[in-house]
$ cat work28.tsv   # TSV, C-alpha atoms and all ligand atoms
chain	number	residue	atom	x	y	z
A	12	MET	CA	-5.40	-10.31	-8.42
A	13	LYS	CA	-4.19	-11.40	-4.98
A	14	VAL	CA	-3.94	-8.54	-2.47
A	15	ALA	CA	-2.72	-8.64	1.14
A	16	ILE	CA	-4.79	-6.27	3.28
A	17	GLY	CA	-3.87	-5.08	6.75
A	18	CYS	CA	-4.92	-2.38	9.18
A	19	ASP	CA	-4.74	-1.18	12.75
A	20	HIS	CA	-7.74	-0.62	15.02
A	21	ALA	CA	-8.53	2.70	13.30
A	22	GLY	CA	-8.65	1.01	9.91
A	23	PHE	CA	-10.53	-2.10	10.97
A	24	GLY	CA	-14.00	-0.86	9.98
A	25	LEU	CA	-12.92	0.17	6.49
A	26	LYS	CA	-10.97	-3.07	5.96
A	27	GLU	CA	-14.01	-5.18	6.81
A	28	ALA	CA	-16.28	-3.06	4.61
A	29	ILE	CA	-13.88	-3.30	1.65
A	30	LYS	CA	-13.68	-7.09	1.93
A	31	MET	CA	-17.47	-7.25	2.07
A	32	GLU	CA	-17.85	-5.09	-1.05
A	33	PHE	CA	-15.37	-7.16	-3.05
A	34	ARG	CA	-17.00	-10.41	-2.00
A	35	LYS	CA	-19.64	-9.65	-4.69
A	36	ASP	CA	-17.04	-8.45	-7.22
A	37	ARG	CA	-14.58	-11.37	-7.00
A	38	THR	CA	-11.83	-9.64	-8.99
A	39	ILE	CA	-9.62	-9.44	-5.90
A	40	GLU	CA	-8.70	-12.28	-3.60
A	41	PHE	CA	-7.81	-10.74	-0.25
A	42	VAL	CA	-5.29	-12.20	2.17
A	43	ASP	CA	-6.28	-10.55	5.45
A	44	VAL	CA	-3.32	-10.23	7.84
A	45	GLY	CA	-5.33	-8.43	10.56
A	46	THR	CA	-5.95	-6.73	12.81
A	47	TYR	CA	-9.23	-8.45	13.47
A	48	SER	CA	-10.93	-6.11	15.97
A	49	THR	CA	-11.02	-2.51	17.17
A	50	GLU	CA	-8.74	-3.32	20.12
A	51	SER	CA	-5.75	-0.98	20.07
A	52	VAL	CA	-2.69	-2.30	18.20
A	53	ASP	CA	0.47	-0.83	16.64
A	54	TYR	CA	0.27	-0.12	12.90
A	55	PRO	CA	3.93	-1.03	12.09
A	56	ASP	CA	3.22	-4.67	12.96
A	57	PHE	CA	0.56	-4.87	10.26
A	58	ALA	CA	2.43	-2.81	7.69
A	59	LYS	CA	5.27	-5.33	8.06
A	60	LYS	CA	2.97	-8.33	7.55
A	61	VAL	CA	1.52	-6.90	4.32
A	62	VAL	CA	4.88	-5.73	2.96
A	63	GLU	CA	6.50	-9.12	3.56
A	64	LYS	CA	3.81	-10.80	1.50
A	65	VAL	CA	4.28	-8.32	-1.36
A	66	LEU	CA	8.07	-8.62	-1.33
A	67	SER	CA	8.01	-12.43	-1.18
A	68	GLY	CA	5.65	-12.55	-4.17
A	69	GLU	CA	2.98	-14.38	-2.19
A	70	VAL	CA	0.56	-11.63	-3.28
A	71	ASP	CA	0.54	-9.21	-6.21
A	72	ARG	CA	0.04	-6.07	-4.14
A	73	GLY	CA	-0.99	-4.75	-0.72
A	74	ILE	CA	-3.51	-2.45	0.89
A	75	LEU	CA	-2.86	-0.82	4.28
A	76	ILE	CA	-5.28	1.20	6.39
A	77	CYS	CA	-4.72	3.15	9.59
A	78	GLY	CA	-6.47	6.24	10.93
A	79	THR	CA	-4.72	8.79	8.75
A	80	GLY	CA	-2.77	6.45	6.48
A	81	ILE	CA	0.38	8.31	7.48
A	82	GLY	CA	1.85	5.80	9.92
A	83	MET	CA	1.29	2.92	7.50
A	84	SER	CA	2.91	4.91	4.66
A	85	ILE	CA	5.97	5.80	6.71
A	86	THR	CA	6.45	2.20	7.79
A	87	ALA	CA	5.81	0.51	4.45
A	88	ASN	CA	8.13	2.85	2.57
A	89	LYS	CA	11.04	1.85	4.83
A	90	PHE	CA	11.15	-1.45	2.94
A	91	LYS	CA	13.26	-1.60	-0.20
A	92	GLY	CA	11.09	-2.24	-3.24
A	93	ILE	CA	7.90	-0.95	-1.67
A	94	ARG	CA	6.14	1.99	-3.28
A	95	ALA	CA	3.35	2.69	-0.80
A	96	THR	CA	1.04	5.49	-1.89
A	97	LEU	CA	-1.31	7.29	0.48
A	98	CYS	CA	-4.29	8.35	-1.63
A	99	PHE	CA	-7.45	10.30	-0.84
A	100	ASN	CA	-9.38	10.14	-4.11
A	101	GLU	CA	-9.80	8.24	-7.37
A	102	GLU	CA	-7.49	10.49	-9.36
A	103	LEU	CA	-4.61	10.04	-6.92
A	104	ALA	CA	-5.19	6.29	-6.81
A	105	GLY	CA	-4.94	6.18	-10.61
A	106	LEU	CA	-1.87	8.41	-10.77
A	107	SER	CA	-0.15	6.36	-8.08
A	108	ARG	CA	-0.30	3.40	-10.46
A	109	ARG	CA	0.45	5.28	-13.68
A	110	HIS	CA	3.31	7.42	-12.37
A	111	ASN	CA	4.64	5.60	-9.29
A	112	ASP	CA	3.89	1.93	-10.04
A	113	SER	CA	2.28	1.74	-6.60
A	114	ASN	CA	2.48	-1.74	-5.12
A	115	VAL	CA	0.83	-0.81	-1.82
A	116	LEU	CA	-2.23	1.43	-1.62
A	117	VAL	CA	-2.62	3.21	1.71
A	118	LEU	CA	-5.99	4.53	2.85
A	119	PRO	CA	-6.94	6.85	5.73
A	120	GLY	CA	-9.59	4.83	7.58
A	121	ARG	CA	-10.85	7.73	9.69
A	122	PHE	CA	-11.27	10.02	6.68
A	123	MET	CA	-12.60	7.78	3.93
A	124	GLU	CA	-16.07	6.63	2.93
A	125	VAL	CA	-16.41	2.99	1.94
A	126	SER	CA	-17.87	3.76	-1.50
A	127	LYS	CA	-14.97	6.05	-2.37
A	128	ALA	CA	-12.41	3.51	-1.14
A	129	VAL	CA	-14.00	0.84	-3.34
A	130	ARG	CA	-13.92	3.11	-6.41
A	131	MET	CA	-10.28	3.97	-5.70
A	132	ILE	CA	-9.28	0.32	-5.31
A	133	LYS	CA	-10.98	-0.60	-8.62
A	134	ILE	CA	-9.00	2.08	-10.45
A	135	TRP	CA	-5.74	1.21	-8.67
A	136	GLN	CA	-6.33	-2.47	-9.42
A	137	LYS	CA	-6.72	-2.08	-13.15
A	138	LEU	CA	-4.44	0.79	-14.22
A	139	PRO	CA	-0.96	-0.15	-15.47
A	140	PHE	CA	2.29	1.72	-14.90
A	141	ASP	CA	2.90	4.25	-17.70
A	142	GLY	CA	6.66	3.66	-17.83
A	143	GLY	CA	8.59	6.13	-20.01
A	144	ARG	CA	9.87	9.11	-18.03
A	145	HIS	CA	8.40	7.61	-14.87
A	146	GLU	CA	10.62	4.55	-15.26
A	147	ARG	CA	13.69	6.78	-15.06
A	148	ARG	CA	12.39	8.27	-11.81
A	149	LEU	CA	11.76	4.88	-10.27
A	150	GLU	CA	15.31	3.91	-11.23
A	151	LYS	CA	16.50	6.93	-9.24
A	152	ILE	CA	14.52	5.73	-6.24
A	153	LYS	CA	16.22	2.32	-6.56
A	154	GLU	CA	19.57	4.10	-6.67
A	155	ILE	CA	18.70	5.91	-3.43
A	156	GLU	CA	17.74	2.57	-1.88
A	157	ARG	CA	21.15	1.12	-2.85
A	158	HIS	CA	22.93	4.20	-1.52
A	159	THR	CA	21.03	4.04	1.77
A	160	GLU	CA	22.01	0.37	2.20
A	161	ASN	CA	25.69	1.24	1.71
A	162	PHE	CA	25.37	4.19	4.05
A	163	VAL	CA	23.95	1.98	6.80
A	164	SER	CA	26.65	-0.68	6.37
A	165	GLU	CA	29.42	1.96	6.35
A	166	GLU	CA	28.01	3.43	9.55
A	167	LYS	CA	28.25	0.03	11.24
A	168	GLN	CA	31.96	-0.37	10.47
A	201	LIG	C1	-4.08	5.31	15.89
A	201	LIG	O1	-4.72	6.06	16.88
A	201	LIG	C2	-3.51	6.24	14.83
A	201	LIG	O2	-2.44	6.95	15.35
A	201	LIG	C3	-3.10	5.43	13.60
A	201	LIG	O3	-4.19	4.74	13.12
A	201	LIG	C4	-2.56	6.24	12.44
A	201	LIG	O4	-3.41	7.28	12.10
A	201	LIG	C5	-1.16	6.64	12.54
A	201	LIG	O5	-0.57	7.22	11.61
$ encode --input "work28.tsv" --output "C-alpha cells"
Amino acid sequence: MKVAIGCDHAGFGLKEAIKMEFRKDRTIEFVDVGTYSTESVDYPDFAKKVVEKVLSGEVDRGILICGTGIGMSITANKFKGIRATLCFNEELAGLSRRHNDSNVLVLPGRFMEVSKAVRMIKIWQKLPFDGGRHERRLEKIKEIERHTENFVSEEKQ
C-alpha cells in the first residue's frame, strides 16, 4: 500500500519513528511530503500536500500528524472526498476503517507513543470498510458535500 505521510514540527518525531518502524515491515511504501525538521511550520500546508496526493490517486491513503491531530483533521476534512479520522487507540483506528472508510489517518504526535501508533497503522492498513448501513451514511456525507458546493457558488452570485 502506498501512503502519503505529512506532519508539522510537532509531529516530526513520530513521523520519522513510524517510517523507521515500517522500513523493516515493508507493507507500506511511504511518500514523505514533510516537514523535515522540528523548525516551526504551519500544519495546513502539509495537510494539503497529503490530501492532494490521496485525491489524485497518486497514493492509496494518507497519514497526518500534528501536535494534537486536531488542526490536521480540521484542514483535511475541508477537502471533498477526504474522510480524515483522528484516532487515539487501536480500536478507533479499526472502527475508522470499518465504519467511516477512513482514507486519512490523523495522529496526535504530542500524545502518542510510537509503538501504539505502529499498531494502529497496521490495523488501519488492513481492515476493509464494512459497507452496509455505513455506506448509506457516507452517501449522506457526499450529499452534504454537494450541498455545500452549491451553497458556496450561490453565495458568490
Ligand atoms: C503546533 O504548536 C500545534 O498547534 C499543532 O501541531 C497542532 O496541535 C494544531 O492543531
$ residues_near_ligand --input "work28.tsv" --ligand "ligand LIG 201 (chain A)" --cutoff "7 Å" --atoms "all atoms listed in the file" --output "PyMOL selection string"
chain A and resi 19-22+54+77-83
$ closest_residue --input "work28.tsv" --among "A:Lys137, A:Arg72, A:Arg144, A:Arg130" --to "Leu116 in chain A" --atoms "all atoms listed in the file"
A:Arg72
$ residues_around --input "work28.tsv" --residues "Ala28 in chain A" --least-positions-apart "3" --cutoff "10 Å" --atoms "only C-alpha atoms" --output "PDB file with C-alpha atoms, keeping the file's coordinate frame"
ATOM      1  CA  PHE A  23     -10.530  -2.100  10.970  1.00  0.00           C
ATOM      2  CA  GLY A  24     -14.000  -0.860   9.980  1.00  0.00           C
ATOM      3  CA  LEU A  25     -12.920   0.170   6.490  1.00  0.00           C
ATOM      4  CA  MET A  31     -17.470  -7.250   2.070  1.00  0.00           C
ATOM      5  CA  GLU A  32     -17.850  -5.090  -1.050  1.00  0.00           C
ATOM      6  CA  PHE A  33     -15.370  -7.160  -3.050  1.00  0.00           C
ATOM      7  CA  ARG A  34     -17.000 -10.410  -2.000  1.00  0.00           C
ATOM      8  CA  GLU A 124     -16.070   6.630   2.930  1.00  0.00           C
ATOM      9  CA  VAL A 125     -16.410   2.990   1.940  1.00  0.00           C
ATOM     10  CA  SER A 126     -17.870   3.760  -1.500  1.00  0.00           C
ATOM     11  CA  ALA A 128     -12.410   3.510  -1.140  1.00  0.00           C
ATOM     12  CA  VAL A 129     -14.000   0.840  -3.340  1.00  0.00           C
TER      13      VAL A 129
END
$ closest_residue --input "work28.tsv" --among "A:Val70, A:Met131, A:Met123, A:Val61" --to "Ala95 in chain A" --atoms "all atoms listed in the file"
A:Val61
$ atom_distance --input "work28.tsv" --atom1 "CA of Phe90 in chain A" --atom2 "CA of Lys59 in chain A"
8.7 Å
$ atom_distance --input "work28.tsv" --atom1 "CA of Asn114 in chain A" --atom2 "CA of Thr46 in chain A"
20.4 Å
$ closest_residue --input "work28.tsv" --among "A:Arg109, A:Ile29, A:Lys64, A:Gly17" --to "Asp43 in chain A" --atoms "only C-alpha atoms"
A:Gly17
$ residues_around --input "work28.tsv" --residues "Gly92 in chain A" --least-positions-apart "6" --cutoff "12 Å" --atoms "only C-alpha atoms" --output "PyMOL selection string"
chain A and resi 62-63+65-68+72+111-115+149-150+152-157
$ atom_distance --input "work28.tsv" --atom1 "CA of Phe99 in chain A" --atom2 "CA of Phe122 in chain A"
8.4 Å
$ closest_residue --input "work28.tsv" --among "A:Glu40, A:Met12, A:Asn100, A:Gly142" --to "Lys127 in chain A" --atoms "all atoms listed in the file"
A:Asn100
$ closest_residue --input "work28.tsv" --among "A:His158, A:Lys89, A:His145, A:Lys26" --to "Val44 in chain A" --atoms "only C-alpha atoms"
A:Lys26
$ closest_residue --input "work28.tsv" --among "A:Gly143, A:Lys133, A:Leu118, A:Glu160" --to "Asp36 in chain A" --atoms "only C-alpha atoms"
A:Lys133
